[in-house]
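Student: Provided herewith: final_16.cif, mmCIF, C-alpha atoms.
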data_run
#
loop_
_atom_site.label_atom_id
_atom_site.label_comp_id
_atom_site.auth_asym_id
_atom_site.auth_seq_id
_atom_site.Cartn_x
_atom_site.Cartn_y
_atom_site.Cartn_z
CA MET A 1 0.00 0.00 0.00
CA ILE A 2 1.26 3.42 -1.01
CA ARG A 3 -0.42 6.57 0.26
CA ILE A 4 0.43 10.15 -0.66
CA ILE A 5 -0.53 12.59 2.07
CA CYS A 6 -0.61 16.18 0.84
CA ILE A 7 -2.18 19.56 1.48
CA GLY A 8 -4.94 20.89 -0.74
CA LYS A 9 -6.63 19.64 -3.88
CA THR A 10 -4.62 18.89 -7.01
CA GLU A 11 -4.95 21.93 -9.24
CA PRO A 12 -5.24 23.08 -12.00
CA ILE A 13 -7.41 20.57 -13.89
CA GLU A 14 -4.49 19.82 -16.27
CA ILE A 15 -2.40 18.52 -13.35
CA LYS A 16 -5.35 16.65 -11.86
CA LYS A 17 -5.93 14.79 -15.13
CA LEU A 18 -2.28 13.81 -15.34
CA LYS A 19 -2.45 12.61 -11.73
CA ASP A 20 -5.43 10.40 -12.61
CA TYR A 21 -3.59 9.12 -15.68
CA TYR A 22 -0.65 7.93 -13.53
CA LEU A 23 -2.88 6.54 -10.78
CA ASN A 24 -4.58 4.31 -13.35
CA LEU A 25 -1.21 3.05 -14.57
CA ILE A 26 0.15 2.40 -11.06
CA ARG A 27 -2.99 0.55 -9.90
CA ARG A 28 -2.05 -2.30 -12.27
CA TYR A 29 0.80 -3.03 -9.86
CA THR A 30 -0.13 -1.86 -6.36
CA LYS A 31 -2.70 -0.14 -4.19
CA ILE A 32 -2.24 3.61 -4.10
CA GLU A 33 -4.29 6.28 -2.41
CA PHE A 34 -4.20 10.09 -2.33
CA ILE A 35 -5.01 11.82 0.96
CA GLU A 36 -5.59 15.48 0.08
CA LEU A 37 -5.98 17.26 3.43
CA LYS A 38 -7.92 20.49 3.59
CA GLU A 39 -5.74 23.57 3.35
CA THR A 40 -5.76 25.77 6.46
CA SER A 41 -6.71 29.28 5.42
CA SER A 42 -5.01 31.89 7.53
CA GLN A 43 -2.57 34.69 6.90
CA TYR A 44 -0.43 33.57 9.82
CA LYS A 45 2.29 31.27 8.55
CA GLU A 46 3.04 29.74 11.97
CA HIS A 47 -0.63 28.96 12.52
CA VAL A 48 -0.99 27.34 9.07
CA ILE A 49 2.10 25.14 9.56
CA LYS A 50 0.95 24.05 13.02
CA GLU A 51 -2.59 23.22 11.93
CA GLN A 52 -1.54 21.42 8.76
CA CYS A 53 1.07 19.39 10.62
CA ARG A 54 -1.55 18.29 13.12
CA LYS A 55 -3.68 17.06 10.22
CA ILE A 56 -0.76 15.29 8.53
CA LEU A 57 0.34 13.59 11.77
CA SER A 58 -3.12 12.25 12.45
CA ALA A 59 -3.43 10.97 8.86
CA ILE A 60 -0.24 8.85 9.01
CA ARG A 61 -0.77 5.09 9.19
CA TYR A 62 2.31 3.59 7.55
CA LYS A 63 6.07 4.26 7.39
CA PRO A 64 6.29 8.02 6.81
CA VAL A 65 8.64 9.43 4.17
CA LEU A 66 8.83 13.19 3.75
CA LEU A 67 9.51 14.67 0.33
CA ASP A 68 11.94 17.48 0.99
CA VAL A 69 14.21 19.52 -1.27
CA PHE A 70 17.10 18.89 1.17
CA GLY A 71 16.31 15.19 1.69
CA ARG A 72 18.34 12.19 0.56
CA GLU A 73 18.89 12.07 -3.19
CA LEU A 74 18.26 8.65 -4.72
CA SER A 75 18.65 7.45 -8.27
CA SER A 76 15.51 5.97 -9.85
CA VAL A 77 16.94 2.48 -9.35
CA GLN A 78 17.62 3.14 -5.63
CA PHE A 79 14.11 4.59 -5.25
CA SER A 80 12.63 1.52 -6.92
CA ILE A 81 14.47 -0.79 -4.49
CA PHE A 82 13.34 1.29 -1.50
CA LEU A 83 9.75 1.23 -2.73
CA LYS A 84 9.63 -2.51 -3.35
CA GLU A 85 11.17 -3.23 0.06
CA ASN A 86 8.53 -1.18 1.87
CA VAL A 87 5.35 -1.36 -0.17
CA LYS A 88 4.03 -4.52 1.53
CA MET A 89 4.18 -2.96 4.98
CA GLY A 90 2.88 0.31 3.57
CA ILE A 91 4.43 3.72 2.87
CA ASP A 92 3.02 7.17 3.51
CA PHE A 93 4.71 9.79 1.36
CA ILE A 94 4.23 13.29 2.78
CA ILE A 95 4.22 16.41 0.62
CA GLY A 96 4.05 19.60 2.68
CA GLY A 97 2.12 22.73 1.78
CA VAL A 98 3.42 26.01 0.37
CA TRP A 99 4.94 26.99 3.72
CA GLY A 100 6.56 23.67 4.49
CA VAL A 101 6.10 21.44 7.53
CA CYS A 102 6.71 21.56 11.28
CA ASP A 103 9.87 20.35 13.04
CA GLU A 104 8.25 17.06 14.11
CA ILE A 105 7.63 16.08 10.49
CA LYS A 106 11.04 17.38 9.38
CA LYS A 107 12.58 14.67 11.59
CA PHE A 108 11.09 11.86 9.45
CA ASN A 109 13.16 10.06 6.84
CA SER A 110 13.19 12.28 3.80
CA ILE A 111 13.80 11.89 0.10
CA SER A 112 14.56 14.67 -2.36
CA LEU A 113 13.16 14.42 -5.91
CA SER A 114 15.23 17.45 -6.89
CA ARG A 115 17.43 20.17 -5.45
CA MET A 116 15.10 22.58 -7.20
CA THR A 117 11.88 23.74 -5.58
CA PHE A 118 8.82 22.63 -7.52
CA ASN A 119 5.20 23.60 -7.09
CA HIS A 120 3.63 21.13 -4.62
CA ASN A 121 1.15 20.00 -7.28
CA ILE A 122 3.91 19.17 -9.78
CA ILE A 123 5.77 17.27 -7.05
CA ARG A 124 2.75 14.94 -6.92
CA ILE A 125 3.20 14.18 -10.63
CA MET A 126 6.96 13.68 -10.27
CA LEU A 127 6.43 11.26 -7.39
CA LEU A 128 3.77 9.32 -9.33
CA GLU A 129 6.05 9.04 -12.34
CA GLN A 130 8.84 7.60 -10.16
CA ILE A 131 6.43 5.15 -8.51
CA TYR A 132 5.14 4.01 -11.92
CA ARG A 133 8.70 3.71 -13.22
CA ALA A 134 9.64 1.59 -10.19
CA PHE A 135 7.02 -1.03 -11.04
CA GLU A 136 6.92 -0.88 -14.83
CA PRO A 137 9.05 -3.81 -16.12
CA LYS A 138 10.05 -1.76 -19.20
CA TYR A 139 12.05 0.55 -16.95
CA SER A 140 13.43 -2.05 -14.53
CA LYS A 141 17.12 -2.74 -14.74
CA MET B 1 14.08 33.78 -26.41
CA ILE B 2 13.87 30.32 -24.90
CA ARG B 3 13.65 27.25 -27.09
CA ILE B 4 13.24 23.66 -25.96
CA ILE B 5 14.64 21.20 -28.46
CA CYS B 6 13.42 17.66 -27.88
CA ILE B 7 12.76 14.37 -29.60
CA GLY B 8 9.24 13.25 -30.45
CA LYS B 9 5.81 14.68 -29.80
CA THR B 10 4.63 15.42 -26.26
CA GLU B 11 2.48 12.46 -25.23
CA PRO B 12 0.07 11.39 -23.81
CA ILE B 13 -2.59 14.09 -24.27
CA GLU B 14 -2.63 14.75 -20.49
CA ILE B 15 1.03 15.84 -20.59
CA LYS B 16 0.51 17.83 -23.80
CA LYS B 17 -2.31 19.81 -22.17
CA LEU B 18 -0.19 20.59 -19.15
CA LYS B 19 2.63 21.68 -21.46
CA ASP B 20 0.23 24.10 -23.21
CA TYR B 21 -0.97 25.36 -19.83
CA TYR B 22 2.59 26.31 -18.81
CA LEU B 23 3.47 27.75 -22.22
CA ASN B 24 0.53 30.15 -21.91
CA LEU B 25 1.72 31.25 -18.47
CA ILE B 26 5.35 31.71 -19.55
CA ARG B 27 4.43 33.71 -22.68
CA ARG B 28 3.33 36.56 -20.40
CA TYR B 29 7.02 37.05 -19.61
CA THR B 30 9.12 35.84 -22.53
CA LYS B 31 9.14 34.21 -25.95
CA ILE B 32 9.28 30.43 -25.76
CA GLU B 33 9.19 27.84 -28.48
CA PHE B 34 9.10 24.03 -28.57
CA ILE B 35 11.07 22.27 -31.30
CA GLU B 36 9.82 18.68 -31.31
CA LEU B 37 12.09 16.83 -33.73
CA LYS B 38 10.85 13.71 -35.44
CA GLU B 39 11.82 10.52 -33.67
CA THR B 40 14.10 8.23 -35.68
CA SER B 41 12.51 4.81 -35.87
CA SER B 42 15.05 2.05 -35.91
CA GLN B 43 15.87 -0.89 -33.69
CA TYR B 44 19.56 0.02 -33.78
CA LYS B 45 20.39 2.20 -30.78
CA GLU B 46 23.61 3.59 -32.28
CA HIS B 47 21.83 4.56 -35.48
CA VAL B 48 19.01 6.30 -33.58
CA ILE B 49 21.42 8.30 -31.40
CA LYS B 50 23.51 9.35 -34.41
CA GLU B 51 20.50 10.42 -36.48
CA GLN B 52 18.78 12.26 -33.65
CA CYS B 53 21.97 14.08 -32.69
CA ARG B 54 22.40 15.24 -36.26
CA LYS B 55 18.87 16.69 -36.11
CA ILE B 56 19.45 18.34 -32.73
CA LEU B 57 22.77 19.89 -33.80
CA SER B 58 21.25 21.41 -36.92
CA ALA B 59 18.31 22.80 -34.88
CA ILE B 60 20.51 24.73 -32.42
CA ARG B 61 20.55 28.52 -32.86
CA TYR B 62 21.25 29.87 -29.36
CA LYS B 63 23.39 28.98 -26.33
CA PRO B 64 22.84 25.22 -25.91
CA VAL B 65 22.13 23.75 -22.47
CA LEU B 66 21.71 20.01 -22.17
CA LEU B 67 19.35 18.59 -19.56
CA ASP B 68 21.19 15.61 -18.15
CA VAL B 69 20.69 13.51 -15.03
CA PHE B 70 24.42 13.88 -14.25
CA GLY B 71 24.57 17.62 -15.08
CA ARG B 72 25.10 20.52 -12.69
CA GLU B 73 22.50 20.73 -9.94
CA LEU B 74 21.11 24.21 -9.39
CA SER B 75 18.62 25.49 -6.87
CA SER B 76 15.55 27.21 -8.32
CA VAL B 77 17.03 30.58 -7.41
CA GLN B 78 20.31 29.78 -9.17
CA PHE B 79 18.39 28.53 -12.21
CA SER B 80 16.35 31.73 -12.26
CA ILE B 81 19.52 33.85 -12.23
CA PHE B 82 21.05 31.77 -15.03
CA LEU B 83 17.88 32.08 -17.10
CA LYS B 84 17.55 35.83 -16.71
CA GLU B 85 21.22 36.35 -17.57
CA ASN B 86 20.89 34.42 -20.83
CA VAL B 87 17.34 34.85 -22.07
CA LYS B 88 18.04 38.02 -24.06
CA MET B 89 20.77 36.36 -26.12
CA GLY B 90 18.66 33.20 -26.36
CA ILE B 91 18.87 29.73 -24.82
CA ASP B 92 18.29 26.35 -26.42
CA PHE B 93 17.49 23.69 -23.83
CA ILE B 94 18.09 20.21 -25.18
CA ILE B 95 16.21 17.15 -23.94
CA GLY B 96 17.54 13.93 -25.46
CA GLY B 97 15.48 10.94 -26.51
CA VAL B 98 14.96 7.63 -24.70
CA TRP B 99 18.47 6.47 -25.62
CA GLY B 100 20.28 9.67 -24.72
CA VAL B 101 22.52 11.82 -26.88
CA CYS B 102 25.83 11.56 -28.74
CA ASP B 103 29.23 12.52 -27.30
CA GLU B 104 29.27 15.86 -29.14
CA ILE B 105 26.10 17.00 -27.35
CA LYS B 106 27.26 15.52 -24.04
CA LYS B 107 30.10 18.08 -24.11
CA PHE B 108 27.66 21.01 -23.88
CA ASN B 109 26.98 22.78 -20.59
CA SER B 110 24.47 20.65 -18.76
CA ILE B 111 21.97 21.11 -15.97
CA SER B 112 20.33 18.36 -13.94
CA LEU B 113 16.70 18.80 -12.86
CA SER B 114 17.02 15.68 -10.70
CA ARG B 115 19.35 12.79 -9.93
CA MET B 116 16.38 10.57 -10.76
CA THR B 117 15.62 9.56 -14.32
CA PHE B 118 12.28 10.91 -15.49
CA ASN B 119 10.33 10.16 -18.63
CA HIS B 120 11.45 12.63 -21.32
CA ASN B 121 7.91 13.97 -21.60
CA ILE B 122 7.69 14.71 -17.87
CA ILE B 123 11.10 16.43 -18.03
CA ARG B 124 9.48 18.92 -20.43
CA ILE B 125 6.88 19.77 -17.77
CA MET B 126 9.50 20.04 -15.00
CA LEU B 127 11.58 22.40 -17.13
CA LEU B 128 8.54 24.55 -17.97
CA GLU B 129 7.59 24.79 -14.31
CA GLN B 130 11.09 26.00 -13.42
CA ILE B 131 11.06 28.53 -16.26
CA TYR B 132 7.66 29.83 -15.14
CA ARG B 133 8.84 29.97 -11.52
CA ALA B 134 11.93 31.93 -12.60
CA PHE B 135 9.80 34.72 -14.07
CA GLU B 136 6.74 34.69 -11.79
CA PRO B 137 7.19 37.50 -9.21
CA LYS B 138 5.27 35.46 -6.60
CA TYR B 139 8.16 32.98 -6.48
CA SER B 140 11.03 35.44 -6.84
CA LYS B 141 13.18 35.88 -3.78
#
As structure tokens, please, write out the structure in this file.

Tutor:
Amino acid sequence: MIRIICIGKTEPIEIKKLKDYYLNLIRRYTKIEFIELKETSSQYKEHVIKEQCRKILSAIRYKPVLLDVFGRELSSVQFSIFLKENVKMGIDFIIGGVWGVCDEIKKFNSISLSRMTFNHNIIRIMLLEQIYRAFEPKYSK
Amino acid sequence: MIRIICIGKTEPIEIKKLKDYYLNLIRRYTKIEFIELKETSSQYKEHVIKEQCRKILSAIRYKPVLLDVFGRELSSVQFSIFLKENVKMGIDFIIGGVWGVCDEIKKFNSISLSRMTFNHNIIRIMLLEQIYRAFEPKYSK
């Protein structure tokens, strides 16, 4: 079981459709679920981070892995090995909101998809593409 | 002027639509053009690479920058600075095909969007998002 815990709906519609496209491909190989937590609307950054972290922490059920720009960089092959080792027990990938996550979540194991900062909706697509690639025999080495 | 020189059409339709979405956003700030060169169809890897490189080399007009998994890693801010410094003279980003590029192209300056290998269609989206981010005042630091 793979779950992707993130903040806010997947927008715009062009990204949502691409998300659905990858979900359909991945579901041939494994169970995958998106948990899109409601965005906290407030102008106070500290309040938003605190509230959203509370929601993320209570949503976690499996081994948590934070996606973070400063996290561990893996090659696609290393990511595939990690995924296959952990998928049976379950993995919860966490993608923070625009203002990042709280210190408690920052302490989790983290993986970096890039040293560049991407929009948190595009990160969902990048993660899905790597998950699909990990299972798709055509890409396996 | 920014040009993105790549091999083959942008597929599937879900990725193409997202590409068009970003192109519309970026065109508020700068000229951008996609050069989608025809894929060489052959079962011989060496032949494909040679033919496609010939096409890429003859398409280049501006400063060439290869996107390569082993290229230089930049932060989004560094990428933005690089882009703004070079956009007036023109930049040609090059995204190779499934089998990579020839040695001549490998010698160009290269940038890595990630240490992971992404589908060459998704790389187009990642590059567009970084270009958009570079110009969008909301993201500028």

Student: Using all atoms listed in the file, select each residue of chain A with any atom at most 7 Å away from an atom of chain B, and give the selection as number ranges by chain.

Tutor: A: 14-15, 17-18, 73-76, 113-117

Student: Check which residues satisfy the PyMOL selection byres ((chain B and resi 100-107) around 7) in the file shown, then give them as a list of chain:residue names.

Tutor: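 Checked against the file, the PyMOL selection byres ((chain B and resi 100-107) around 7) matches B:Ile49, B:Lys50, B:Cys53, B:Gly96, B:Gly97, B:Val98, B:Trp99, B:Phe108, B:Asn109.
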
Student: Report chain B as a PDB file with C-alpha atoms, in the coordinates of the input in the frame of chain A, after least-squares superposition over all C-alpha atoms paired in order.

Tutor:
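Saved to selection_11.pdb:
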ATOM      1  CA  MET B   1      -0.006   0.012  -0.019  1.00  0.00           C
ATOM      2  CA  ILE B   2       1.257   3.434  -1.018  1.00  0.00           C
ATOM      3  CA  ARG B   3      -0.418   6.573   0.249  1.00  0.00           C
ATOM      4  CA  ILE B   4       0.430  10.147  -0.668  1.00  0.00           C
ATOM      5  CA  ILE B   5      -0.529  12.591   2.046  1.00  0.00           C
ATOM      6  CA  CYS B   6      -0.614  16.179   0.830  1.00  0.00           C
ATOM      7  CA  ILE B   7      -2.178  19.551   1.467  1.00  0.00           C
ATOM      8  CA  GLY B   8      -4.945  20.900  -0.744  1.00  0.00           C
ATOM      9  CA  LYS B   9      -6.628  19.657  -3.883  1.00  0.00           C
ATOM     10  CA  THR B  10      -4.614  18.886  -7.017  1.00  0.00           C
ATOM     11  CA  GLU B  11      -4.951  21.937  -9.259  1.00  0.00           C
ATOM     12  CA  PRO B  12      -5.254  23.105 -11.999  1.00  0.00           C
ATOM     13  CA  ILE B  13      -7.411  20.582 -13.884  1.00  0.00           C
ATOM     14  CA  GLU B  14      -4.503  19.816 -16.267  1.00  0.00           C
ATOM     15  CA  ILE B  15      -2.395  18.515 -13.359  1.00  0.00           C
ATOM     16  CA  LYS B  16      -5.356  16.653 -11.844  1.00  0.00           C
ATOM     17  CA  LYS B  17      -5.926  14.797 -15.124  1.00  0.00           C
ATOM     18  CA  LEU B  18      -2.294  13.806 -15.343  1.00  0.00           C
ATOM     19  CA  LYS B  19      -2.440  12.619 -11.731  1.00  0.00           C
ATOM     20  CA  ASP B  20      -5.435  10.396 -12.607  1.00  0.00           C
ATOM     21  CA  TYR B  21      -3.590   9.112 -15.673  1.00  0.00           C
ATOM     22  CA  TYR B  22      -0.655   7.924 -13.531  1.00  0.00           C
ATOM     23  CA  LEU B  23      -2.880   6.534 -10.775  1.00  0.00           C
ATOM     24  CA  ASN B  24      -4.587   4.304 -13.347  1.00  0.00           C
ATOM     25  CA  LEU B  25      -1.215   3.037 -14.566  1.00  0.00           C
ATOM     26  CA  ILE B  26       0.141   2.395 -11.058  1.00  0.00           C
ATOM     27  CA  ARG B  27      -3.004   0.544  -9.907  1.00  0.00           C
ATOM     28  CA  ARG B  28      -2.056  -2.301 -12.261  1.00  0.00           C
ATOM     29  CA  TYR B  29       0.805  -3.031  -9.861  1.00  0.00           C
ATOM     30  CA  THR B  30      -0.127  -1.863  -6.373  1.00  0.00           C
ATOM     31  CA  LYS B  31      -2.708  -0.139  -4.200  1.00  0.00           C
ATOM     32  CA  ILE B  32      -2.249   3.620  -4.099  1.00  0.00           C
ATOM     33  CA  GLU B  33      -4.289   6.288  -2.417  1.00  0.00           C
ATOM     34  CA  PHE B  34      -4.190  10.098  -2.323  1.00  0.00           C
ATOM     35  CA  ILE B  35      -5.021  11.816   0.961  1.00  0.00           C
ATOM     36  CA  GLU B  36      -5.585  15.473   0.087  1.00  0.00           C
ATOM     37  CA  LEU B  37      -5.982  17.255   3.419  1.00  0.00           C
ATOM     38  CA  LYS B  38      -7.905  20.491   3.589  1.00  0.00           C
ATOM     39  CA  GLU B  39      -5.728  23.565   3.350  1.00  0.00           C
ATOM     40  CA  THR B  40      -5.771  25.774   6.449  1.00  0.00           C
ATOM     41  CA  SER B  41      -6.696  29.286   5.414  1.00  0.00           C
ATOM     42  CA  SER B  42      -5.002  31.891   7.515  1.00  0.00           C
ATOM     43  CA  GLN B  43      -2.578  34.712   6.873  1.00  0.00           C
ATOM     44  CA  TYR B  44      -0.433  33.589   9.804  1.00  0.00           C
ATOM     45  CA  LYS B  45       2.307  31.278   8.543  1.00  0.00           C
ATOM     46  CA  GLU B  46       3.026  29.745  11.961  1.00  0.00           C
ATOM     47  CA  HIS B  47      -0.642  28.974  12.508  1.00  0.00           C
ATOM     48  CA  VAL B  48      -0.985  27.349   9.069  1.00  0.00           C
ATOM     49  CA  ILE B  49       2.093  25.148   9.561  1.00  0.00           C
ATOM     50  CA  LYS B  50       0.949  24.064  13.032  1.00  0.00           C
ATOM     51  CA  GLU B  51      -2.593  23.234  11.912  1.00  0.00           C
ATOM     52  CA  GLN B  52      -1.535  21.418   8.760  1.00  0.00           C
ATOM     53  CA  CYS B  53       1.075  19.386  10.624  1.00  0.00           C
ATOM     54  CA  ARG B  54      -1.536  18.306  13.132  1.00  0.00           C
ATOM     55  CA  LYS B  55      -3.675  17.063  10.223  1.00  0.00           C
ATOM     56  CA  ILE B  56      -0.759  15.285   8.545  1.00  0.00           C
ATOM     57  CA  LEU B  57       0.350  13.573  11.772  1.00  0.00           C
ATOM     58  CA  SER B  58      -3.128  12.236  12.459  1.00  0.00           C
ATOM     59  CA  ALA B  59      -3.414  10.964   8.848  1.00  0.00           C
ATOM     60  CA  ILE B  60      -0.241   8.837   9.005  1.00  0.00           C
ATOM     61  CA  ARG B  61      -0.786   5.066   9.199  1.00  0.00           C
ATOM     62  CA  TYR B  62       2.316   3.576   7.551  1.00  0.00           C
ATOM     63  CA  LYS B  63       6.067   4.250   7.389  1.00  0.00           C
ATOM     64  CA  PRO B  64       6.282   8.023   6.805  1.00  0.00           C
ATOM     65  CA  VAL B  65       8.637   9.432   4.165  1.00  0.00           C
ATOM     66  CA  LEU B  66       8.836  13.180   3.757  1.00  0.00           C
ATOM     67  CA  LEU B  67       9.520  14.661   0.331  1.00  0.00           C
ATOM     68  CA  ASP B  68      11.937  17.485   0.993  1.00  0.00           C
ATOM     69  CA  VAL B  69      14.207  19.520  -1.266  1.00  0.00           C
ATOM     70  CA  PHE B  70      17.092  18.908   1.175  1.00  0.00           C
ATOM     71  CA  GLY B  71      16.311  15.191   1.698  1.00  0.00           C
ATOM     72  CA  ARG B  72      18.344  12.197   0.557  1.00  0.00           C
ATOM     73  CA  GLU B  73      18.895  12.061  -3.191  1.00  0.00           C
ATOM     74  CA  LEU B  74      18.267   8.655  -4.723  1.00  0.00           C
ATOM     75  CA  SER B  75      18.641   7.452  -8.273  1.00  0.00           C
ATOM     76  CA  SER B  76      15.511   5.958  -9.841  1.00  0.00           C
ATOM     77  CA  VAL B  77      16.937   2.482  -9.335  1.00  0.00           C
ATOM     78  CA  GLN B  78      17.618   3.138  -5.647  1.00  0.00           C
ATOM     79  CA  PHE B  79      14.121   4.586  -5.245  1.00  0.00           C
ATOM     80  CA  SER B  80      12.638   1.515  -6.909  1.00  0.00           C
ATOM     81  CA  ILE B  81      14.485  -0.788  -4.496  1.00  0.00           C
ATOM     82  CA  PHE B  82      13.348   1.278  -1.505  1.00  0.00           C
ATOM     83  CA  LEU B  83       9.752   1.215  -2.729  1.00  0.00           C
ATOM     84  CA  LYS B  84       9.634  -2.518  -3.337  1.00  0.00           C
ATOM     85  CA  GLU B  85      11.185  -3.229   0.065  1.00  0.00           C
ATOM     86  CA  ASN B  86       8.532  -1.189   1.873  1.00  0.00           C
ATOM     87  CA  VAL B  87       5.349  -1.373  -0.165  1.00  0.00           C
ATOM     88  CA  LYS B  88       4.027  -4.520   1.522  1.00  0.00           C
ATOM     89  CA  MET B  89       4.185  -2.965   4.988  1.00  0.00           C
ATOM     90  CA  GLY B  90       2.885   0.319   3.567  1.00  0.00           C
ATOM     91  CA  ILE B  91       4.430   3.725   2.881  1.00  0.00           C
ATOM     92  CA  ASP B  92       3.015   7.178   3.510  1.00  0.00           C
ATOM     93  CA  PHE B  93       4.717   9.805   1.358  1.00  0.00           C
ATOM     94  CA  ILE B  94       4.231  13.281   2.763  1.00  0.00           C
ATOM     95  CA  ILE B  95       4.230  16.409   0.607  1.00  0.00           C
ATOM     96  CA  GLY B  96       4.044  19.588   2.683  1.00  0.00           C
ATOM     97  CA  GLY B  97       2.128  22.723   1.797  1.00  0.00           C
ATOM     98  CA  VAL B  98       3.427  26.004   0.365  1.00  0.00           C
ATOM     99  CA  TRP B  99       4.931  26.981   3.726  1.00  0.00           C
ATOM    100  CA  GLY B 100       6.563  23.656   4.502  1.00  0.00           C
ATOM    101  CA  VAL B 101       6.115  21.441   7.535  1.00  0.00           C
ATOM    102  CA  CYS B 102       6.704  21.558  11.293  1.00  0.00           C
ATOM    103  CA  ASP B 103       9.870  20.358  13.050  1.00  0.00           C
ATOM    104  CA  GLU B 104       8.250  17.076  14.122  1.00  0.00           C
ATOM    105  CA  ILE B 105       7.641  16.074  10.492  1.00  0.00           C
ATOM    106  CA  LYS B 106      11.044  17.387   9.403  1.00  0.00           C
ATOM    107  CA  LYS B 107      12.585  14.667  11.606  1.00  0.00           C
ATOM    108  CA  PHE B 108      11.091  11.880   9.462  1.00  0.00           C
ATOM    109  CA  ASN B 109      13.155  10.059   6.846  1.00  0.00           C
ATOM    110  CA  SER B 110      13.176  12.280   3.804  1.00  0.00           C
ATOM    111  CA  ILE B 111      13.805  11.888   0.103  1.00  0.00           C
ATOM    112  CA  SER B 112      14.555  14.670  -2.361  1.00  0.00           C
ATOM    113  CA  LEU B 113      13.146  14.414  -5.894  1.00  0.00           C
ATOM    114  CA  SER B 114      15.226  17.446  -6.886  1.00  0.00           C
ATOM    115  CA  ARG B 115      17.435  20.170  -5.447  1.00  0.00           C
ATOM    116  CA  MET B 116      15.087  22.584  -7.206  1.00  0.00           C
ATOM    117  CA  THR B 117      11.880  23.740  -5.578  1.00  0.00           C
ATOM    118  CA  PHE B 118       8.826  22.623  -7.520  1.00  0.00           C
ATOM    119  CA  ASN B 119       5.202  23.578  -7.094  1.00  0.00           C
ATOM    120  CA  HIS B 120       3.630  21.125  -4.624  1.00  0.00           C
ATOM    121  CA  ASN B 121       1.153  20.005  -7.273  1.00  0.00           C
ATOM    122  CA  ILE B 122       3.907  19.171  -9.769  1.00  0.00           C
ATOM    123  CA  ILE B 123       5.777  17.258  -7.038  1.00  0.00           C
ATOM    124  CA  ARG B 124       2.746  14.939  -6.902  1.00  0.00           C
ATOM    125  CA  ILE B 125       3.188  14.167 -10.612  1.00  0.00           C
ATOM    126  CA  MET B 126       6.962  13.663 -10.270  1.00  0.00           C
ATOM    127  CA  LEU B 127       6.426  11.247  -7.387  1.00  0.00           C
ATOM    128  CA  LEU B 128       3.769   9.305  -9.321  1.00  0.00           C
ATOM    129  CA  GLU B 129       6.048   9.016 -12.333  1.00  0.00           C
ATOM    130  CA  GLN B 130       8.829   7.576 -10.165  1.00  0.00           C
ATOM    131  CA  ILE B 131       6.428   5.136  -8.508  1.00  0.00           C
ATOM    132  CA  TYR B 132       5.141   4.007 -11.910  1.00  0.00           C
ATOM    133  CA  ARG B 133       8.704   3.693 -13.221  1.00  0.00           C
ATOM    134  CA  ALA B 134       9.640   1.586 -10.181  1.00  0.00           C
ATOM    135  CA  PHE B 135       7.009  -1.030 -11.028  1.00  0.00           C
ATOM    136  CA  GLU B 136       6.921  -0.885 -14.840  1.00  0.00           C
ATOM    137  CA  PRO B 137       9.061  -3.790 -16.159  1.00  0.00           C
ATOM    138  CA  LYS B 138      10.052  -1.717 -19.222  1.00  0.00           C
ATOM    139  CA  TYR B 139      12.071   0.584 -16.952  1.00  0.00           C
ATOM    140  CA  SER B 140      13.408  -2.030 -14.544  1.00  0.00           C
ATOM    141  CA  LYS B 141      17.110  -2.684 -14.755  1.00  0.00           C
TER     142      LYS B 141
END

Student: With the PyMOL selection byres ((chain B and resi 82-94) around 9) as the selection, what would be picked from this file? Answer as a list of chain:residue names, please.

Tutor: B:Met1, B:Ile2, B:Arg3, B:Ile4, B:Ile5, B:Cys6, B:Thr30, B:Ile56, B:Ile60, B:Arg61, B:Tyr62, B:Lys63, B:Pro64, B:Val65, B:Leu66, B:Leu67, B:Asp68, B:Val77, B:Gln78, B:Phe79, B:Ser80, B:Ile81, B:Ile95, B:Gly96, B:Ile105, B:Ile131, B:Ala134, B:Phe135

Student: Excluding Lys38 in chain B and residues on its chain fewer than 6 positions from it, collect all residues at most 10 Å away from it, counting all atoms listed in the file, and give them as number ranges by chain.

Tutor: B: 6-9, 52, 55

Student: Enclose the full set of atoms of range 108-114 of chain B listed in the file within a box whose edges lie along x, y and z, apply 6 Å of padding to each of the six sides, and report centre and edge lengths in Å to one decimal as lines of an AutoDock Vina configuration file.

Tutor:
center_x = 22.2
center_y = 19.2
center_z = -17.3
size_x = 23.0
size_y = 19.1
size_z = 25.2

Student: What does the distance from CA of Tyr132 in chain A to CA of Leu25 in chain A come to in Å, to one decimal?

Tutor: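 Calculated distance between CA of Tyr132 in chain A and CA of Leu25 in chain A is 6.9 Å.
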
Student: How many Å lie between CA of Leu37 in chain B and CA of Glu51 in chain B, rounded to one decimal?

Tutor: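 It comes out at 10.9 Å.
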
Student: Go ahead and compute the interatomic distance for CA of Tyr29 in chain B and CA of Lys138 in chain B, in Å to one decimal.

Tutor: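 CA of Tyr29 in chain B sits 13.2 Å away from CA of Lys138 in chain B.
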